[in-house]
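Asks: Structure file coords_35.txt (compact mmCIF, C-alpha atoms) right here:
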# COMPACT_ATOMS: atom_id res chain seq x y z
CA MET A 15 50.38 -53.34 48.15
CA ARG A 16 49.88 -56.82 46.74
CA LYS A 17 48.78 -59.85 48.75
CA ILE A 18 50.65 -62.99 47.68
CA ILE A 19 50.26 -66.54 49.01
CA HIS A 20 52.64 -69.41 48.34
CA ILE A 21 51.14 -72.84 48.97
CA ASP A 22 53.52 -75.79 49.25
CA MET A 23 52.24 -79.31 49.84
CA ASP A 24 54.10 -81.16 52.58
CA SER A 25 56.26 -83.97 51.17
CA PHE A 26 53.63 -84.35 48.48
CA PHE A 27 54.42 -87.65 46.70
CA ALA A 28 55.37 -89.42 49.93
CA SER A 29 52.31 -88.06 51.76
CA VAL A 30 49.99 -89.33 49.00
CA GLU A 31 51.54 -92.79 49.34
CA GLN A 32 51.11 -92.79 53.11
CA ARG A 33 47.54 -91.57 52.74
CA ASP A 34 46.61 -94.31 50.27
CA PHE A 35 48.49 -97.14 52.03
CA PRO A 36 47.82 -97.00 55.80
CA GLU A 37 50.50 -99.61 56.49
CA HIS A 38 53.12 -97.00 55.51
CA ARG A 39 51.91 -94.28 57.84
CA GLY A 40 54.35 -93.17 60.51
CA LYS A 41 57.20 -95.01 58.80
CA PRO A 42 60.25 -93.75 56.85
CA LEU A 43 59.24 -93.85 53.17
CA VAL A 44 60.59 -92.54 49.90
CA VAL A 45 59.24 -92.48 46.37
CA GLY A 46 61.64 -93.90 43.76
CA TYR A 47 63.14 -97.28 42.97
CA ARG A 48 66.12 -99.32 44.16
CA GLY A 49 68.24 -99.17 41.01
CA PRO A 50 71.91 -98.08 41.24
CA ARG A 51 71.17 -94.80 39.45
CA SER A 52 67.95 -94.01 41.29
CA VAL A 53 67.47 -90.87 43.33
CA VAL A 54 64.87 -90.04 45.97
CA ALA A 55 61.92 -88.24 44.38
CA ALA A 56 60.26 -87.47 47.72
CA ALA A 57 60.90 -88.40 51.34
CA SER A 58 58.41 -88.62 54.19
CA TYR A 59 59.07 -86.60 57.32
CA GLU A 60 59.87 -89.84 59.14
CA ALA A 61 62.60 -90.53 56.56
CA ARG A 62 63.97 -87.02 56.92
CA LYS A 63 64.74 -87.72 60.57
CA PHE A 64 67.39 -90.15 59.28
CA GLY A 65 68.88 -87.50 56.99
CA VAL A 66 67.09 -88.73 53.85
CA TYR A 67 66.01 -85.98 51.44
CA SER A 68 64.73 -85.48 47.91
CA ALA A 69 67.35 -85.76 45.11
CA MET A 70 69.62 -87.91 47.31
CA PRO A 71 71.02 -91.04 45.59
CA MET A 72 68.91 -93.98 46.67
CA SER A 73 72.00 -95.98 47.65
CA ILE A 74 72.94 -93.31 50.21
CA ALA A 75 69.35 -93.08 51.48
CA LEU A 76 69.28 -96.83 52.12
CA ARG A 77 72.58 -96.67 53.99
CA LYS A 78 71.25 -93.89 56.20
CA CYS A 79 68.01 -95.76 56.85
CA PRO A 80 68.18 -99.54 56.16
CA GLN A 81 64.50 -99.98 57.07
CA LEU A 82 63.46 -97.40 54.46
CA ILE A 83 60.29 -98.23 52.51
CA VAL A 84 60.77 -97.56 48.78
CA VAL A 85 57.64 -97.23 46.65
CA PRO A 86 57.35 -96.53 42.89
CA HIS A 87 56.01 -93.34 41.34
CA ARG A 88 52.29 -93.02 40.64
CA PHE A 89 52.32 -89.82 38.62
CA GLY A 90 48.75 -90.21 37.44
CA VAL A 91 47.54 -90.20 41.04
CA TYR A 92 49.72 -87.20 41.96
CA LYS A 93 48.41 -85.30 38.94
CA ASP A 94 44.78 -85.98 39.90
CA VAL A 95 45.37 -84.75 43.45
CA SER A 96 47.21 -81.69 42.12
CA ASP A 97 44.28 -80.86 39.83
CA LYS A 98 41.89 -81.04 42.78
CA ILE A 99 44.11 -78.70 44.81
CA ARG A 100 44.38 -76.28 41.90
CA SER A 101 40.59 -76.19 41.61
CA ILE A 102 40.50 -75.04 45.25
CA PHE A 103 42.88 -72.19 44.40
CA GLN A 104 40.67 -71.16 41.48
CA GLU A 105 37.71 -70.69 43.81
CA TYR A 106 39.52 -67.73 45.38
CA THR A 107 41.44 -66.16 42.49
CA ASP A 108 42.17 -66.58 38.81
CA LEU A 109 45.76 -65.41 39.38
CA VAL A 110 47.32 -68.80 40.15
CA GLU A 111 50.86 -69.59 39.02
CA PRO A 112 51.73 -73.30 39.46
CA LEU A 113 55.44 -73.99 39.95
CA SER A 114 55.04 -77.77 40.01
CA LEU A 115 52.42 -80.34 40.96
CA ASP A 116 52.80 -79.48 44.64
CA GLU A 117 53.25 -75.71 44.88
CA ALA A 118 51.84 -72.48 43.48
CA PHE A 119 51.68 -68.73 43.94
CA LEU A 120 48.30 -67.02 44.37
CA ASP A 121 47.68 -63.29 44.04
CA VAL A 122 44.74 -62.57 46.35
CA THR A 123 44.91 -58.77 46.20
CA GLU A 124 41.41 -59.04 44.74
CA VAL A 125 39.53 -62.25 45.47
CA LYS A 126 36.46 -63.99 44.09
CA LYS A 127 35.30 -65.08 47.54
CA GLY A 128 36.38 -65.13 51.14
CA PRO A 129 37.69 -62.50 53.56
CA PRO A 130 39.86 -59.55 52.44
CA SER A 131 42.74 -60.86 54.58
CA ALA A 132 45.38 -62.90 52.73
CA SER A 133 46.21 -64.69 55.98
CA LEU A 134 42.62 -65.79 56.53
CA ILE A 135 42.34 -66.91 52.90
CA ALA A 136 45.53 -68.97 53.24
CA MET A 137 44.12 -70.65 56.34
CA GLU A 138 40.84 -71.37 54.54
CA ILE A 139 42.72 -72.92 51.61
CA LYS A 140 44.80 -75.11 53.92
CA LYS A 141 41.64 -76.28 55.67
CA GLU A 142 39.90 -77.03 52.36
CA ILE A 143 42.91 -78.96 51.03
CA ARG A 144 42.91 -81.15 54.12
CA LYS A 145 39.15 -81.67 53.87
CA GLN A 146 39.17 -82.65 50.18
CA THR A 147 42.47 -84.56 49.94
CA ASN A 148 43.34 -85.57 53.52
CA LEU A 149 46.76 -83.97 52.96
CA THR A 150 48.49 -81.04 54.62
CA ALA A 151 49.94 -77.92 53.03
CA SER A 152 52.12 -75.10 54.31
CA ALA A 153 51.38 -71.49 53.42
CA GLY A 154 53.49 -68.36 53.27
CA VAL A 155 51.97 -64.89 52.98
CA SER A 156 53.60 -61.58 52.12
CA TYR A 157 53.52 -58.73 49.62
CA ASN A 158 55.69 -60.37 46.93
CA LYS A 159 56.58 -63.80 45.56
CA PHE A 160 60.10 -63.97 46.96
CA LEU A 161 58.98 -63.38 50.54
CA ALA A 162 55.88 -65.58 50.27
CA LYS A 163 57.99 -68.54 49.11
CA ILE A 164 60.48 -68.09 51.94
CA ALA A 165 57.61 -67.82 54.41
CA SER A 166 56.04 -71.13 53.34
CA ASP A 167 59.23 -72.95 54.39
CA MET A 168 59.46 -71.37 57.83
CA ASP A 169 56.94 -73.52 59.71
CA LYS A 170 56.69 -76.89 57.93
CA PRO A 171 54.83 -79.21 57.98
CA ASP A 172 51.23 -77.97 58.07
CA GLY A 173 52.64 -74.52 58.65
CA PHE A 174 51.65 -70.90 58.23
CA TYR A 175 53.95 -67.88 58.25
CA LEU A 176 53.29 -64.20 57.55
CA ILE A 177 55.94 -61.62 56.67
CA LYS A 178 54.47 -58.16 57.02
CA PRO A 179 55.80 -55.28 54.88
CA GLU A 180 57.11 -53.44 57.92
CA ASP A 181 58.98 -56.55 59.10
CA ALA A 182 60.47 -57.66 55.79
CA GLU A 183 63.88 -55.97 55.85
CA SER A 184 64.69 -56.90 59.45
CA PHE A 185 63.53 -60.47 58.76
CA LEU A 186 65.78 -60.72 55.68
CA GLU A 187 68.77 -59.21 57.46
CA GLU A 188 68.69 -62.05 60.02
CA LEU A 189 67.99 -64.79 57.47
CA ASP A 190 70.69 -67.34 56.62
CA VAL A 191 71.73 -66.80 52.99
CA GLY A 192 71.26 -70.50 52.33
CA LEU A 193 67.52 -69.98 52.83
CA PHE A 194 67.28 -67.30 50.14
CA PHE A 195 65.31 -68.61 47.17
CA GLY A 196 67.79 -69.07 44.31
CA VAL A 197 70.83 -69.76 46.49
CA GLY A 198 71.98 -73.32 45.83
CA GLU A 199 74.75 -75.20 47.58
CA LYS A 200 77.54 -73.90 45.33
CA THR A 201 76.37 -70.29 45.60
CA LYS A 202 76.06 -70.64 49.36
CA GLN A 203 79.63 -71.93 49.60
CA LYS A 204 80.87 -69.06 47.45
CA MET A 205 79.04 -66.57 49.66
CA HIS A 206 80.52 -68.13 52.78
CA ARG A 207 84.01 -67.76 51.29
CA MET A 208 83.16 -64.07 50.87
CA SER A 209 82.08 -63.90 54.55
CA ILE A 210 78.42 -63.62 53.55
CA PHE A 211 76.42 -65.65 56.05
CA LYS A 212 73.29 -63.62 56.73
CA GLY A 213 71.13 -61.22 54.79
CA SER A 214 72.80 -58.33 56.58
CA ASP A 215 76.16 -59.41 55.13
CA LEU A 216 74.63 -59.58 51.67
CA LYS A 217 72.99 -56.21 52.09
CA SER A 218 76.30 -54.54 52.97
CA LEU A 219 77.74 -55.21 49.49
CA PRO A 220 77.19 -52.67 46.70
CA LEU A 221 75.36 -53.72 43.55
CA SER A 222 78.55 -53.54 41.47
CA ASP A 223 80.28 -56.12 43.71
CA LEU A 224 77.32 -58.50 43.62
CA VAL A 225 77.11 -58.32 39.83
CA LYS A 226 80.88 -58.84 39.59
CA HIS A 227 80.78 -62.02 41.66
CA PHE A 228 77.35 -63.44 40.76
CA GLY A 229 76.53 -62.03 37.33
CA LYS A 230 72.85 -61.37 36.64
CA ALA A 231 71.93 -63.06 39.90
CA GLY A 232 73.77 -60.25 41.68
CA SER A 233 71.02 -57.78 40.78
CA TYR A 234 68.42 -60.23 42.02
CA PHE A 235 70.23 -60.68 45.36
CA TYR A 236 70.61 -56.91 45.73
CA ASN A 237 66.86 -56.38 45.41
CA ALA A 238 65.77 -59.53 47.23
CA VAL A 239 67.62 -58.72 50.46
CA ARG A 240 65.82 -55.36 50.45
CA GLY A 241 62.44 -57.05 50.05
CA ILE A 242 62.04 -55.90 46.44
CA ASP A 243 60.38 -58.30 43.99
CA ASP A 244 57.95 -56.90 41.42
CA ARG A 245 57.39 -60.13 39.49
CA PRO A 246 53.68 -60.65 38.81
CA VAL A 247 51.81 -63.88 39.47
CA ILE A 248 51.38 -65.28 35.96
CA SER A 249 48.40 -67.56 35.60
CA HIS A 250 49.46 -69.06 32.27
CA ARG A 251 52.97 -69.40 30.92
CA GLU A 252 53.67 -70.63 27.40
CA PRO A 253 56.39 -73.32 27.36
CA LYS A 254 59.63 -72.23 25.69
CA SER A 255 60.82 -75.77 25.05
CA VAL A 256 59.79 -79.43 25.13
CA SER A 257 62.26 -82.08 26.26
CA ALA A 258 62.78 -85.67 27.33
CA GLU A 259 65.74 -87.42 28.91
CA ARG A 260 66.67 -90.77 30.41
CA THR A 261 69.32 -91.98 32.87
CA PHE A 262 70.57 -95.51 32.25
CA GLU A 263 71.21 -98.29 34.75
CA THR A 264 74.64 -98.98 33.23
CA ASP A 265 76.89 -96.77 31.12
CA LEU A 266 76.35 -97.14 27.38
CA THR A 267 79.32 -97.45 25.02
CA ASP A 268 77.79 -99.40 22.13
CA LEU A 269 76.89 -96.88 19.44
CA VAL A 270 74.03 -98.95 18.01
CA GLU A 271 72.43 -99.16 21.45
CA VAL A 272 72.92 -95.43 22.01
CA LYS A 273 71.21 -94.64 18.70
CA ASP A 274 68.30 -96.93 19.58
CA LYS A 275 67.89 -95.24 22.98
CA LEU A 276 68.09 -91.83 21.34
CA THR A 277 65.31 -92.78 18.91
CA ASP A 278 63.13 -93.82 21.86
CA ILE A 279 63.75 -90.51 23.66
CA VAL A 280 62.97 -88.52 20.51
CA ASP A 281 59.71 -90.45 20.25
CA ILE A 282 58.78 -89.44 23.83
CA MET A 283 59.64 -85.80 23.13
CA TRP A 284 57.64 -85.80 19.88
CA ARG A 285 54.56 -87.15 21.66
CA ARG A 286 54.87 -84.30 24.14
CA CYS A 287 55.18 -81.85 21.24
CA ASN A 288 51.98 -83.22 19.73
CA ALA A 289 50.18 -82.91 23.06
CA LYS A 290 51.20 -79.25 23.32
CA GLU A 291 50.79 -78.64 19.57
CA LYS A 292 54.34 -77.33 19.39
CA THR A 293 57.26 -77.83 17.04
CA GLY A 294 60.44 -75.80 16.84
CA LYS A 295 63.52 -74.89 14.84
CA THR A 296 66.28 -75.57 17.41
CA LEU A 297 67.34 -78.97 18.70
CA THR A 298 69.64 -79.62 21.65
CA LEU A 299 71.27 -82.93 22.53
CA LYS A 300 72.37 -83.45 26.13
CA LEU A 301 74.85 -86.14 27.19
CA ARG A 302 76.21 -86.99 30.61
CA PHE A 303 79.28 -89.18 30.58
CA ALA A 304 80.32 -91.86 33.06
CA ASP A 305 82.44 -89.33 34.98
CA PHE A 306 79.34 -87.09 35.38
CA SER A 307 80.66 -84.43 33.00
CA THR A 308 77.84 -83.05 30.86
CA ILE A 309 77.84 -81.52 27.38
CA THR A 310 75.15 -80.13 25.08
CA ARG A 311 75.15 -79.77 21.30
CA SER A 312 72.62 -77.74 19.34
CA THR A 313 71.55 -77.19 15.77
CA THR A 314 69.00 -74.85 14.19
CA SER A 315 66.94 -75.24 11.04
CA PRO A 316 65.35 -72.44 8.99
CA LYS A 317 62.00 -74.19 9.31
CA ALA A 318 60.25 -76.22 11.99
CA TYR A 319 61.42 -79.80 12.38
CA THR A 320 59.43 -82.88 11.53
CA LYS A 321 59.94 -86.02 13.60
CA THR A 322 61.99 -87.67 10.85
CA ALA A 323 64.20 -84.60 10.56
CA ILE A 324 64.70 -84.56 14.34
CA GLU A 325 65.86 -88.17 14.36
CA ALA A 326 68.34 -87.53 11.56
CA ALA A 327 69.67 -84.32 13.13
CA MET A 328 70.12 -85.90 16.55
CA GLN A 329 72.09 -88.82 15.14
CA LYS A 330 74.50 -86.35 13.51
CA LEU A 331 75.01 -84.53 16.83
CA LEU A 332 76.24 -87.65 18.64
CA PRO A 333 79.95 -87.42 19.61
CA VAL A 334 80.76 -90.95 18.45
CA GLN A 335 84.33 -91.20 19.68
CA ASP A 336 83.61 -89.74 23.13
CA ILE A 337 80.73 -92.14 23.62
CA GLN A 338 82.79 -95.19 22.72
CA GLU A 339 85.73 -94.12 24.86
CA GLN A 340 83.92 -92.83 27.94
CA GLY A 341 80.41 -94.27 27.97
CA ILE A 342 77.30 -92.25 28.77
CA ARG A 343 74.87 -92.43 31.68
CA LEU A 344 72.26 -89.93 30.44
CA LEU A 345 70.75 -88.85 27.12
CA GLY A 346 68.38 -85.93 26.65
CA VAL A 347 66.77 -84.09 23.75
CA THR A 348 65.11 -80.67 23.68
CA ILE A 349 63.27 -78.77 20.97
CA SER A 350 62.86 -74.99 21.27
CA ASN A 351 62.63 -71.83 19.17
CA PHE A 352 59.01 -72.65 18.42
CA ARG A 353 57.55 -71.85 15.04
CA ASP A 354 55.69 -68.59 14.44
CA GLU A 355 52.18 -69.08 15.79
CA LYS A 356 50.81 -67.78 12.48
CA GLN A 357 52.22 -70.82 10.72
CA PRO A 358 49.80 -73.73 10.42
CA TYR A 359 50.55 -76.62 12.75
CA THR A 360 50.80 -80.01 11.07
CA LYS A 361 50.00 -82.96 13.27
CA GLN A 362 50.57 -86.55 12.21
CA LEU A 363 47.26 -88.30 11.59
CA LYS A 364 46.40 -91.66 13.07
CA ILE A 365 44.72 -94.02 10.59
CA ASP A 366 42.86 -97.09 11.75
CA PHE A 367 43.16 -100.11 9.48
CA PHE A 368 40.46 -102.71 9.56
Starting from the coordinates I provided, produce the structure as structure tokens.
Replies:
Amino acid sequence: MRKIIHIDMDSFFASVEQRDFPEHRGKPLVVGYRGPRSVVAAASYEARKFGVYSAMPMSIALRKCPQLIVVPHRFGVYKDVSDKIRSIFQEYTDLVEPLSLDEAFLDVTEVKKGPPSASLIAMEIKKEIRKQTNLTASAGVSYNKFLAKIASDMDKPDGFYLIKPEDAESFLEELDVGLFFGVGEKTKQKMHRMSIFKGSDLKSLPLSDLVKHFGKAGSYFYNAVRGIDDRPVISHREPKSVSAERTFETDLTDLVEVKDKLTDIVDIMWRRCNAKEKTGKTLTLKLRFADFSTITRSTTSPKAYTKTAIEAAMQKLLPVQDIQEQGIRLLGVTISNFRDEKQPYTKQLKIDFF
């Protein structure tokens, strides 16, 4: 029986801002900016009382809470804090799987230090995070990743929740399907139309019906509601793609401007490729039009792309007429299908001229 912990920082970006700027403490605050296309990156718990949440359009957030404090991102600071938290995890186990800057799975079946109890280890980690960062985290503990992640959301903020093996199925049967990891708003609405409201409703359906209505996710739901999740905690995951995208303040219809923006985005993506020492054979262009419809176009080369080749290929993928007629609000580029690791990696040299 494995012992899995899921640690989730409480309103991480917003909490860092309130920690570093005492004048913002106890007040409704969001991280983002006030532009017409901006969305809330993180909301403090004070802001959530007004119905303001992450990923909400900033315009709606400001209507819900006119006194809302809006502060810009400080990703460098968040990354430094995240690295410190991750170093705390590493003191207990090498099996740490980060999901983002503010959450991670830990397999503490065998630990480097501390008590043999996963619950006691989780409490120690929470205490150490508060001591070193002056921030709070919530922890969920169970015997698999699915249950541990659900548990970490049950008692926020600064929470702790344990789902024992013998309690798992009864817990899941009573759980609202909207709280199942992997069930988004559209899936929840579809389930409700099928009279699936709780785990017990989900559990009553045969595997064939779930696969019919939800595709591959049907198999996942079938196992999840029975407390089955054999996924290991993976301490290092190789990226399968590198991407960059930008949302624009106003819709773009001028083709010259679109091409200039696309060149800038390719440049950002290429720098990320260099940092990861990756280059690939498949390119994907993503466009979101003014009406929010989104399309992707891809092309594959027999050999790994250079930056110059990427720029040329992306320009050819642009749907010129659609852009001029509809206007676009978002551009994104992705490179994938990475070269064989046995191939030598060629990185552009920087030459200093005196």
Asks: With all atoms listed in the file as the counted atoms, please give the residues lying no more than 10 Å from region 196-204 of chain A, apart from itself and same-chain residues fewer than 4 positions off, as a PyMOL selection string.
Replies: chain A and resi 160+190-192+208-211+227-228+231+234-235
Asks: May I ask which of the residues A:Val44, A:Thr314, A:Met15, A:Ser52 is the closest one to Val66 (chain A), counting only C-alpha atoms?
Replies: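 Closest to Val66 (chain A), using only C-alpha atoms: A:Val44.
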Asks: For Ile21 (chain A), which of A:Met137, A:Ala151, A:Leu76, A:Ala55 is the closest residue, counting all atoms listed in the file?
Replies: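 Smallest separation from Ile21 (chain A) among the options: A:Ala151.
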Asks: What does the structure give for the distance between CA of Ala323 (chain A) and CA of Gln340 (chain A), in Å to one decimal?
Replies: 27.5 Å
Asks: Give me, please, the distance in Å between CA of His250 (chain A) and CA of Leu113 (chain A), quoted to one decimal.
Replies: 10.9 Å
Asks: Reconstruct N, CA and C atoms of region 202-234 of chain A from the incomplete input and present them as an mmCIF file, keeping the file's coordinate frame.
Replies:
data_model
loop_
_atom_site.group_PDB
_atom_site.id
_atom_site.type_symbol
_atom_site.label_atom_id
_atom_site.label_comp_id
_atom_site.auth_asym_id
_atom_site.auth_seq_id
_atom_site.Cartn_x
_atom_site.Cartn_y
_atom_site.Cartn_z
ATOM 1 N N LYS A 202 75.929 -70.835 47.916
ATOM 2 C CA LYS A 202 76.060 -70.640 49.360
ATOM 3 C C LYS A 202 77.525 -70.753 49.790
ATOM 4 N N GLN A 203 78.223 -71.757 49.260
ATOM 5 C CA GLN A 203 79.630 -71.930 49.600
ATOM 6 C C GLN A 203 80.464 -70.741 49.143
ATOM 7 N N LYS A 204 80.152 -70.230 47.961
ATOM 8 C CA LYS A 204 80.870 -69.060 47.450
ATOM 9 C C LYS A 204 80.606 -67.850 48.351
ATOM 10 N N MET A 205 79.365 -67.675 48.760
ATOM 11 C CA MET A 205 79.040 -66.570 49.660
ATOM 12 C C MET A 205 79.764 -66.697 50.989
ATOM 13 N N HIS A 206 79.833 -67.918 51.515
ATOM 14 C CA HIS A 206 80.520 -68.130 52.780
ATOM 15 C C HIS A 206 82.016 -67.783 52.658
ATOM 16 N N ARG A 207 82.606 -68.112 51.498
ATOM 17 C CA ARG A 207 84.010 -67.760 51.290
ATOM 18 C C ARG A 207 84.199 -66.245 51.250
ATOM 19 N N MET A 208 83.117 -65.530 50.897
ATOM 20 C CA MET A 208 83.160 -64.070 50.870
ATOM 21 C C MET A 208 82.678 -63.471 52.189
ATOM 22 N N SER A 209 82.551 -64.321 53.214
ATOM 23 C CA SER A 209 82.080 -63.900 54.550
ATOM 24 C C SER A 209 80.653 -63.365 54.507
ATOM 25 N N ILE A 210 79.842 -63.944 53.619
ATOM 26 C CA ILE A 210 78.420 -63.620 53.550
ATOM 27 C C ILE A 210 77.650 -64.782 54.161
ATOM 28 N N PHE A 211 77.128 -64.581 55.354
ATOM 29 C CA PHE A 211 76.420 -65.650 56.050
ATOM 30 C C PHE A 211 74.951 -65.319 56.282
ATOM 31 N N LYS A 212 74.656 -64.059 56.498
ATOM 32 C CA LYS A 212 73.290 -63.620 56.730
ATOM 33 C C LYS A 212 72.899 -62.543 55.718
ATOM 34 N N GLY A 213 71.602 -62.261 55.695
ATOM 35 C CA GLY A 213 71.130 -61.220 54.790
ATOM 36 C C GLY A 213 71.814 -59.890 55.033
ATOM 37 N N SER A 214 72.129 -59.597 56.281
ATOM 38 C CA SER A 214 72.800 -58.330 56.580
ATOM 39 C C SER A 214 74.165 -58.245 55.915
ATOM 40 N N ASP A 215 74.867 -59.383 55.827
ATOM 41 C CA ASP A 215 76.160 -59.410 55.130
ATOM 42 C C ASP A 215 75.968 -59.148 53.644
ATOM 43 N N LEU A 216 74.936 -59.762 53.093
ATOM 44 C CA LEU A 216 74.630 -59.580 51.670
ATOM 45 C C LEU A 216 74.251 -58.135 51.381
ATOM 46 N N LYS A 217 73.487 -57.575 52.273
ATOM 47 C CA LYS A 217 72.990 -56.210 52.090
ATOM 48 C C LYS A 217 74.113 -55.171 52.155
ATOM 49 N N SER A 218 75.205 -55.507 52.815
ATOM 50 C CA SER A 218 76.300 -54.540 52.970
ATOM 51 C C SER A 218 77.114 -54.364 51.698
ATOM 52 N N LEU A 219 76.954 -55.285 50.728
ATOM 53 C CA LEU A 219 77.740 -55.210 49.490
ATOM 54 C C LEU A 219 77.035 -54.323 48.459
ATOM 55 N N PRO A 220 77.788 -53.485 47.751
ATOM 56 C CA PRO A 220 77.190 -52.670 46.700
ATOM 57 C C PRO A 220 76.770 -53.521 45.508
ATOM 58 N N LEU A 221 75.859 -52.993 44.718
ATOM 59 C CA LEU A 221 75.360 -53.720 43.550
ATOM 60 C C LEU A 221 76.487 -54.134 42.618
ATOM 61 N N SER A 222 77.455 -53.246 42.404
ATOM 62 C CA SER A 222 78.550 -53.540 41.470
ATOM 63 C C SER A 222 79.331 -54.786 41.910
ATOM 64 N N ASP A 223 79.558 -54.948 43.221
ATOM 65 C CA ASP A 223 80.280 -56.120 43.710
ATOM 66 C C ASP A 223 79.471 -57.405 43.519
ATOM 67 N N LEU A 224 78.169 -57.309 43.785
ATOM 68 C CA LEU A 224 77.320 -58.500 43.620
ATOM 69 C C LEU A 224 77.256 -58.941 42.171
ATOM 70 N N VAL A 225 77.137 -57.984 41.257
ATOM 71 C CA VAL A 225 77.110 -58.320 39.830
ATOM 72 C C VAL A 225 78.456 -58.898 39.403
ATOM 73 N N LYS A 226 79.533 -58.354 39.918
ATOM 74 C CA LYS A 226 80.880 -58.840 39.590
ATOM 75 C C LYS A 226 81.052 -60.304 39.970
ATOM 76 N N HIS A 227 80.566 -60.660 41.150
ATOM 77 C CA HIS A 227 80.780 -62.020 41.660
ATOM 78 C C HIS A 227 79.694 -63.013 41.256
ATOM 79 N N PHE A 228 78.460 -62.516 41.010
ATOM 80 C CA PHE A 228 77.350 -63.440 40.760
ATOM 81 C C PHE A 228 76.630 -63.189 39.438
ATOM 82 N N GLY A 229 77.143 -62.289 38.618
ATOM 83 C CA GLY A 229 76.530 -62.030 37.330
ATOM 84 C C GLY A 229 75.130 -61.440 37.469
ATOM 85 N N LYS A 230 74.224 -61.895 36.611
ATOM 86 C CA LYS A 230 72.850 -61.370 36.640
ATOM 87 C C LYS A 230 72.171 -61.640 37.976
ATOM 88 N N ALA A 231 72.533 -62.743 38.605
ATOM 89 C CA ALA A 231 71.930 -63.060 39.900
ATOM 90 C C ALA A 231 72.277 -62.013 40.947
ATOM 91 N N GLY A 232 73.379 -61.292 40.741
ATOM 92 C CA GLY A 232 73.770 -60.250 41.680
ATOM 93 C C GLY A 232 72.705 -59.186 41.830
ATOM 94 N N SER A 233 72.099 -58.780 40.723
ATOM 95 C CA SER A 233 71.020 -57.780 40.780
ATOM 96 C C SER A 233 69.823 -58.319 41.539
ATOM 97 N N TYR A 234 69.537 -59.584 41.304
ATOM 98 C CA TYR A 234 68.420 -60.230 42.020
ATOM 99 C C TYR A 234 68.685 -60.244 43.521
#
